[in-house]
Amino acid sequence: MSDLIFRKENLDFRDFIGYENTVYKYLHNTPNEDIASAIISEGFKFVNNLDKTTDQVSNTNVEEINFFFCKRKYYGRFTVVIHLGIDLVKFYLNQCISKNILFQELLFSRKENEKNENEEHFYTLHRQFIKGYYNHIGKEAVCSPFYNPLRDLPDFAENMKTLLLRIV
């Protein structure tokens with residue numbers, strides 16, 4: 001897999017986050033490059049809610065990015081950049097609201113046997129939403145070959161069918 005990943009050196013952090021207005025942008029810091037690399041390969045695992053382990057940013061506000069960096073720098077020098085297509089999120093969020101389904105159960109995969117010490121389920125955000133990660137020390141970005149945040153996956157429709165069967 002390492003031959004599929006490409007690196008960009010001497011890149012500004014904000015430039016790597018991107019200025020696209022078609023995606024929601026989230027940042028997650030980690031101390032270890034192996035963890036950041038695993039997130040590219042396997043997707044991003046989290047408990048309960050994406051907002052608990054990430055920060056949503058706009059990238060049009062320099063103070064917001066600086067605040068994020070100061071607030072989270074102790075979590076590690078590698079920042080994973082996550083993008084979720086706005087239209088994709090809105091489409092599925094509207095379906096969830098109309099059918100009384102939890103959004104994270106639709107867009108994020110969950111395995112019944114994966115729980116933390118508090119018996120909370122782990123969810124996994126598909127690797128297509130991971131733009132890559134940024135090394136703040138080396139000012140280097142590692143880009144994901146799987147990145148495609150606007151693509152609708154067949155998994156989402158399958159999740160919807162499964163969830164609808166549970167509520168019937």
# chains A, B, ... in the order shown; residues from 1 in each chain; ligands from 1

call {"tool": "residues_around", "arguments": {"residues": "region 43-57 of chain A", "least_positions_apart": "3", "cutoff": "9 Å", "atoms": "only C-alpha atoms", "output": "PyMOL selection string"}}
result
chain A and resi 24-29+38-40+60-61+64-65+68+82+104+115-116+120-130

call {"tool": "write_last_selection", "arguments": {"atoms": "C-alpha atoms", "output": "PDB file, in the first residue's frame"}}
result
ATOM      1  CA  TYR A  24     -17.415  19.298   5.702  1.00  0.00           C
ATOM      2  CA  LYS A  25     -13.881  19.306   7.109  1.00  0.00           C
ATOM      3  CA  TYR A  26     -12.818  17.525  10.290  1.00  0.00           C
ATOM      4  CA  LEU A  27      -9.412  17.237  11.947  1.00  0.00           C
ATOM      5  CA  HIS A  28      -8.084  14.572  14.307  1.00  0.00           C
ATOM      6  CA  ASN A  29      -4.625  14.557  15.898  1.00  0.00           C
ATOM      7  CA  ALA A  38      -3.743   2.917   9.519  1.00  0.00           C
ATOM      8  CA  ILE A  39      -6.598   5.445   9.388  1.00  0.00           C
ATOM      9  CA  ILE A  40      -5.862   5.976   5.685  1.00  0.00           C
ATOM     10  CA  THR A  60     -11.723  30.151   5.878  1.00  0.00           C
ATOM     11  CA  ASN A  61     -10.993  31.394   9.386  1.00  0.00           C
ATOM     12  CA  GLU A  64     -10.115  28.843  13.987  1.00  0.00           C
ATOM     13  CA  ILE A  65      -7.294  26.753  12.486  1.00  0.00           C
ATOM     14  CA  PHE A  68      -7.523  23.970  16.732  1.00  0.00           C
ATOM     15  CA  ILE A  82     -11.382  14.086   7.034  1.00  0.00           C
ATOM     16  CA  GLN A 104     -24.092   7.432  12.437  1.00  0.00           C
ATOM     17  CA  LYS A 115     -17.153  -2.203  21.857  1.00  0.00           C
ATOM     18  CA  ASN A 116     -14.981  -0.205  24.213  1.00  0.00           C
ATOM     19  CA  GLU A 120     -20.126   1.575  23.600  1.00  0.00           C
ATOM     20  CA  HIS A 121     -20.022   0.611  19.935  1.00  0.00           C
ATOM     21  CA  PHE A 122     -17.158   1.579  17.672  1.00  0.00           C
ATOM     22  CA  TYR A 123     -18.140   3.118  14.355  1.00  0.00           C
ATOM     23  CA  THR A 124     -15.865   3.277  11.323  1.00  0.00           C
ATOM     24  CA  LEU A 125     -15.877   6.102   8.822  1.00  0.00           C
ATOM     25  CA  HIS A 126     -15.006   4.661   5.398  1.00  0.00           C
ATOM     26  CA  ARG A 127     -11.475   5.336   4.167  1.00  0.00           C
ATOM     27  CA  GLN A 128     -12.772   7.240   1.134  1.00  0.00           C
ATOM     28  CA  PHE A 129     -13.443  10.186   3.462  1.00  0.00           C
ATOM     29  CA  ILE A 130      -9.842  10.383   4.687  1.00  0.00           C
TER      30      ILE A 130
END

call {"tool": "closest_atom_pairs", "arguments": {"of": "region 82-127 of chain A", "to": "region 17-22 of chain A", "cutoff": "12 Å", "atoms": "only C-alpha atoms", "output": "tab-separated table"}}
result
residue	atom	partner	partner_atom	distance
A:Ile82	CA	A:Ile17	CA	8.5
A:His83	CA	A:Ile17	CA	8.8
A:Leu84	CA	A:Thr22	CA	8.5
A:Gly85	CA	A:Thr22	CA	6.0
A:Ile86	CA	A:Thr22	CA	5.6
A:Asp87	CA	A:Thr22	CA	7.5
A:Leu88	CA	A:Thr22	CA	9.7
A:Val89	CA	A:Thr22	CA	10.7
A:Lys90	CA	A:Thr22	CA	11.4

call {"tool": "write_last_selection", "arguments": {"atoms": "N, CA and C atoms", "output": "PDB file, in the first residue's frame"}}
result
ATOM      1  N   ILE A  82     -10.203  14.842   7.436  1.00  0.00           N
ATOM      2  CA  ILE A  82     -11.382  14.086   7.034  1.00  0.00           C
ATOM      3  C   ILE A  82     -12.328  15.032   6.301  1.00  0.00           C
ATOM      4  N   HIS A  83     -12.841  14.591   5.166  1.00  0.00           N
ATOM      5  CA  HIS A  83     -13.821  15.365   4.399  1.00  0.00           C
ATOM      6  C   HIS A  83     -15.063  14.509   4.184  1.00  0.00           C
ATOM      7  N   LEU A  84     -16.215  15.080   4.451  1.00  0.00           N
ATOM      8  CA  LEU A  84     -17.504  14.432   4.162  1.00  0.00           C
ATOM      9  C   LEU A  84     -18.258  15.300   3.165  1.00  0.00           C
ATOM     10  N   GLY A  85     -18.682  14.722   2.065  1.00  0.00           N
ATOM     11  CA  GLY A  85     -19.425  15.476   1.060  1.00  0.00           C
ATOM     12  C   GLY A  85     -20.696  16.059   1.649  1.00  0.00           C
ATOM     13  N   ILE A  86     -20.880  17.348   1.499  1.00  0.00           N
ATOM     14  CA  ILE A  86     -22.039  18.039   2.076  1.00  0.00           C
ATOM     15  C   ILE A  86     -23.340  17.484   1.509  1.00  0.00           C
ATOM     16  N   ASP A  87     -23.429  17.331   0.199  1.00  0.00           N
ATOM     17  CA  ASP A  87     -24.668  16.823  -0.402  1.00  0.00           C
ATOM     18  C   ASP A  87     -24.962  15.402   0.044  1.00  0.00           C
ATOM     19  N   LEU A  88     -23.935  14.588   0.170  1.00  0.00           N
ATOM     20  CA  LEU A  88     -24.092  13.207   0.632  1.00  0.00           C
ATOM     21  C   LEU A  88     -24.633  13.180   2.065  1.00  0.00           C
ATOM     22  N   VAL A  89     -24.034  13.993   2.923  1.00  0.00           N
ATOM     23  CA  VAL A  89     -24.477  14.071   4.321  1.00  0.00           C
ATOM     24  C   VAL A  89     -25.923  14.552   4.400  1.00  0.00           C
ATOM     25  N   LYS A  90     -26.249  15.606   3.671  1.00  0.00           N
ATOM     26  CA  LYS A  90     -27.615  16.147   3.719  1.00  0.00           C
ATOM     27  C   LYS A  90     -28.636  15.132   3.215  1.00  0.00           C
TER      28      LYS A  90
END

call {"tool": "select_by_dssp", "arguments": {"residues": "chain A", "states": "helix (DSSP H, G or I)", "output": "PyMOL selection string"}}
result
chain A and resi 13-17+33-42+50-52+62-75+86-99+103-107+127-129+154-167

call {"tool": "select_by_dssp", "arguments": {"residues": "chain A", "states": "strand (DSSP E)", "output": "NGL selection string"}}
result
:A and (6-9 or 23-30 or 44-47 or 55-57 or 78-85 or 109-115 or 121-125 or 130-135 or 140-143)

call {"tool": "write_last_selection", "arguments": {"atoms": "N, CA and C atoms", "output": "CSV table (one decimal), in the first residue's frame"}}
result
chain,number,residue,atom,x,y,z
A,6,PHE,N,1.1,9.0,-1.7
A,6,PHE,CA,2.1,10.0,-2.1
A,6,PHE,C,2.2,11.1,-1.1
A,7,ARG,N,3.4,11.7,-1.1
A,7,ARG,CA,3.7,12.7,-0.1
A,7,ARG,C,3.9,14.1,-0.8
A,8,LYS,N,3.5,15.1,-0.1
A,8,LYS,CA,3.7,16.5,-0.6
A,8,LYS,C,4.5,17.2,0.5
A,9,GLU,N,5.7,17.7,0.1
A,9,GLU,CA,6.6,18.3,1.1
A,9,GLU,C,6.4,19.8,1.0
A,23,VAL,N,-17.4,20.1,0.9
A,23,VAL,CA,-17.2,19.1,1.9
A,23,VAL,C,-17.2,19.7,3.3
A,24,TYR,N,-17.6,18.9,4.3
A,24,TYR,CA,-17.4,19.3,5.7
A,24,TYR,C,-16.0,18.8,6.0
A,25,LYS,N,-15.3,19.6,6.8
A,25,LYS,CA,-13.9,19.3,7.1
A,25,LYS,C,-13.7,19.0,8.6
A,26,TYR,N,-13.1,17.9,8.9
A,26,TYR,CA,-12.8,17.5,10.3
A,26,TYR,C,-11.3,17.2,10.4
A,27,LEU,N,-10.8,17.5,11.6
A,27,LEU,CA,-9.4,17.2,11.9
A,27,LEU,C,-9.3,16.4,13.2
A,28,HIS,N,-8.3,15.5,13.2
A,28,HIS,CA,-8.1,14.6,14.3
A,28,HIS,C,-6.6,14.4,14.5
A,29,ASN,N,-6.1,14.7,15.7
A,29,ASN,CA,-4.6,14.6,15.9
A,29,ASN,C,-4.3,13.2,16.5
A,30,THR,N,-3.1,12.7,16.2
A,30,THR,CA,-2.6,11.5,16.7
A,30,THR,C,-1.1,11.6,16.9
A,44,PHE,N,-11.6,5.6,9.8
A,44,PHE,CA,-11.4,6.2,11.1
A,44,PHE,C,-12.4,5.6,12.1
A,45,LYS,N,-11.9,5.0,13.1
A,45,LYS,CA,-12.8,4.4,14.1
A,45,LYS,C,-13.0,5.4,15.3
A,46,PHE,N,-14.2,5.4,15.7
A,46,PHE,CA,-14.6,6.3,16.8
A,46,PHE,C,-15.8,5.7,17.6
A,47,VAL,N,-16.0,6.3,18.8
A,47,VAL,CA,-17.1,5.8,19.6
A,47,VAL,C,-18.2,6.9,19.7
A,55,ASP,N,-12.5,17.8,15.3
A,55,ASP,CA,-12.9,19.1,15.3
A,55,ASP,C,-13.3,19.5,13.9
A,56,GLN,N,-14.5,20.1,13.8
A,56,GLN,CA,-15.0,20.5,12.5
A,56,GLN,C,-14.4,21.9,12.3
A,57,VAL,N,-13.8,22.2,11.1
A,57,VAL,CA,-13.3,23.5,10.8
A,57,VAL,C,-13.8,23.9,9.4
A,78,PHE,N,0.6,14.6,14.2
A,78,PHE,CA,0.0,14.2,12.9
A,78,PHE,C,-1.5,14.5,13.0
A,79,THR,N,-1.9,15.3,12.0
A,79,THR,CA,-3.3,15.6,11.9
A,79,THR,C,-4.0,14.9,10.8
A,80,VAL,N,-4.9,14.1,11.0
A,80,VAL,CA,-5.7,13.4,10.0
A,80,VAL,C,-6.8,14.4,9.5
A,81,VAL,N,-6.9,14.5,8.2
A,81,VAL,CA,-7.9,15.4,7.6
A,81,VAL,C,-9.0,14.6,7.0
A,82,ILE,N,-10.2,14.8,7.4
A,82,ILE,CA,-11.4,14.1,7.0
A,82,ILE,C,-12.3,15.0,6.3
A,83,HIS,N,-12.8,14.6,5.2
A,83,HIS,CA,-13.8,15.4,4.4
A,83,HIS,C,-15.1,14.5,4.2
A,84,LEU,N,-16.2,15.1,4.5
A,84,LEU,CA,-17.5,14.4,4.2
A,84,LEU,C,-18.3,15.3,3.2
A,85,GLY,N,-18.7,14.7,2.1
A,85,GLY,CA,-19.4,15.5,1.1
A,85,GLY,C,-20.7,16.1,1.6
A,109,SER,N,-20.0,2.5,9.5
A,109,SER,CA,-20.3,1.0,9.7
A,109,SER,C,-20.0,0.7,11.2
A,110,ARG,N,-20.7,-0.3,11.7
A,110,ARG,CA,-20.6,-0.7,13.1
A,110,ARG,C,-20.6,-2.2,13.1
A,111,LYS,N,-19.7,-2.8,13.9
A,111,LYS,CA,-19.7,-4.2,14.1
A,111,LYS,C,-20.2,-4.5,15.5
A,112,GLU,N,-21.1,-5.4,15.6
A,112,GLU,CA,-21.7,-5.7,16.9
A,112,GLU,C,-20.7,-6.1,18.0
A,113,ASN,N,-19.7,-6.8,17.6
A,113,ASN,CA,-18.7,-7.3,18.6
A,113,ASN,C,-17.6,-6.3,19.0
A,114,GLU,N,-17.6,-5.1,18.3
A,114,GLU,CA,-16.6,-4.2,18.6
A,114,GLU,C,-17.1,-3.1,19.6
A,115,LYS,N,-16.7,-3.2,20.9
A,115,LYS,CA,-17.2,-2.2,21.9
A,115,LYS,C,-15.9,-1.8,22.7
A,121,HIS,N,-20.4,1.1,21.2
A,121,HIS,CA,-20.0,0.6,19.9
A,121,HIS,C,-19.0,1.5,19.3
A,122,PHE,N,-18.1,0.9,18.5
A,122,PHE,CA,-17.2,1.6,17.7
A,122,PHE,C,-17.8,1.7,16.3
A,123,TYR,N,-17.7,2.9,15.7
A,123,TYR,CA,-18.1,3.1,14.4
A,123,TYR,C,-16.9,3.3,13.5
A,124,THR,N,-17.0,3.0,12.2
A,124,THR,CA,-15.9,3.3,11.3
A,124,THR,C,-16.3,4.1,10.2
A,125,LEU,N,-15.6,5.2,10.0
A,125,LEU,CA,-15.9,6.1,8.8
A,125,LEU,C,-15.1,5.5,7.7
A,130,ILE,N,-11.1,9.9,4.1
A,130,ILE,CA,-9.8,10.4,4.7
A,130,ILE,C,-9.0,11.0,3.6
A,131,LYS,N,-8.8,12.3,3.7
A,131,LYS,CA,-7.9,13.0,2.7
A,131,LYS,C,-6.5,12.6,2.8
A,132,GLY,N,-6.1,12.4,4.1
A,132,GLY,CA,-4.7,12.0,4.4
A,132,GLY,C,-4.3,12.5,5.8
A,133,TYR,N,-3.0,12.7,6.0
A,133,TYR,CA,-2.6,13.3,7.3
A,133,TYR,C,-1.4,14.2,7.0
A,134,TYR,N,-1.3,15.1,8.0
A,134,TYR,CA,-0.3,16.2,7.9
A,134,TYR,C,0.7,16.1,9.1
A,135,ASN,N,2.0,16.1,8.8
A,135,ASN,CA,3.0,16.1,9.8
A,135,ASN,C,3.5,17.5,10.0
A,140,GLU,N,4.8,18.1,6.0
A,140,GLU,CA,4.6,17.2,4.9
A,140,GLU,C,3.2,16.6,5.0
A,141,ALA,N,2.6,16.5,3.9
A,141,ALA,CA,1.3,15.8,3.8
A,141,ALA,C,1.4,14.5,3.2
A,142,VAL,N,0.6,13.5,3.7
A,142,VAL,CA,0.6,12.2,3.1
A,142,VAL,C,-0.9,12.0,2.6
A,143,CYS,N,-1.0,11.8,1.3
A,143,CYS,CA,-2.3,11.8,0.7
A,143,CYS,C,-2.8,10.4,0.5

call {"tool": "closest_residue", "arguments": {"among": "A:Arg151, A:Ile167, A:Phe103, A:Ser144", "to": "Ser37 (chain A)", "atoms": "only C-alpha atoms"}}
result
A:Ser144

call {"tool": "residues_around", "arguments": {"residues": "Pro154 (chain A)", "least_positions_apart": "4", "cutoff": "12 Å", "atoms": "only C-alpha atoms", "output": "PyMOL selection string"}}
result
chain A and resi 106-107+126+158-161

call {"tool": "atom_distance", "arguments": {"atom1": "CA of Asn32 (chain A)", "atom2": "CA of Lys139 (chain A)"}}
result
15.4 Å

call {"tool": "closest_residue", "arguments": {"among": "A:Glu119, A:Asn100, A:Thr162, A:Phe13", "to": "Phe69 (chain A)", "atoms": "only C-alpha atoms"}}
result
A:Phe13

call {"tool": "atom_distance", "arguments": {"atom1": "CA of Ile101 (chain A)", "atom2": "CA of Leu164 (chain A)"}}
result
8.2 Å

call {"tool": "atom_distance", "arguments": {"atom1": "CA of Tyr74 (chain A)", "atom2": "CA of Val62 (chain A)"}}
result
19.7 Å

call {"tool": "closest_residue", "arguments": {"among": "A:Arg77, A:Phe156, A:Arg166, A:Asp15", "to": "Phe91 (chain A)", "atoms": "only C-alpha atoms"}}
result
A:Phe156
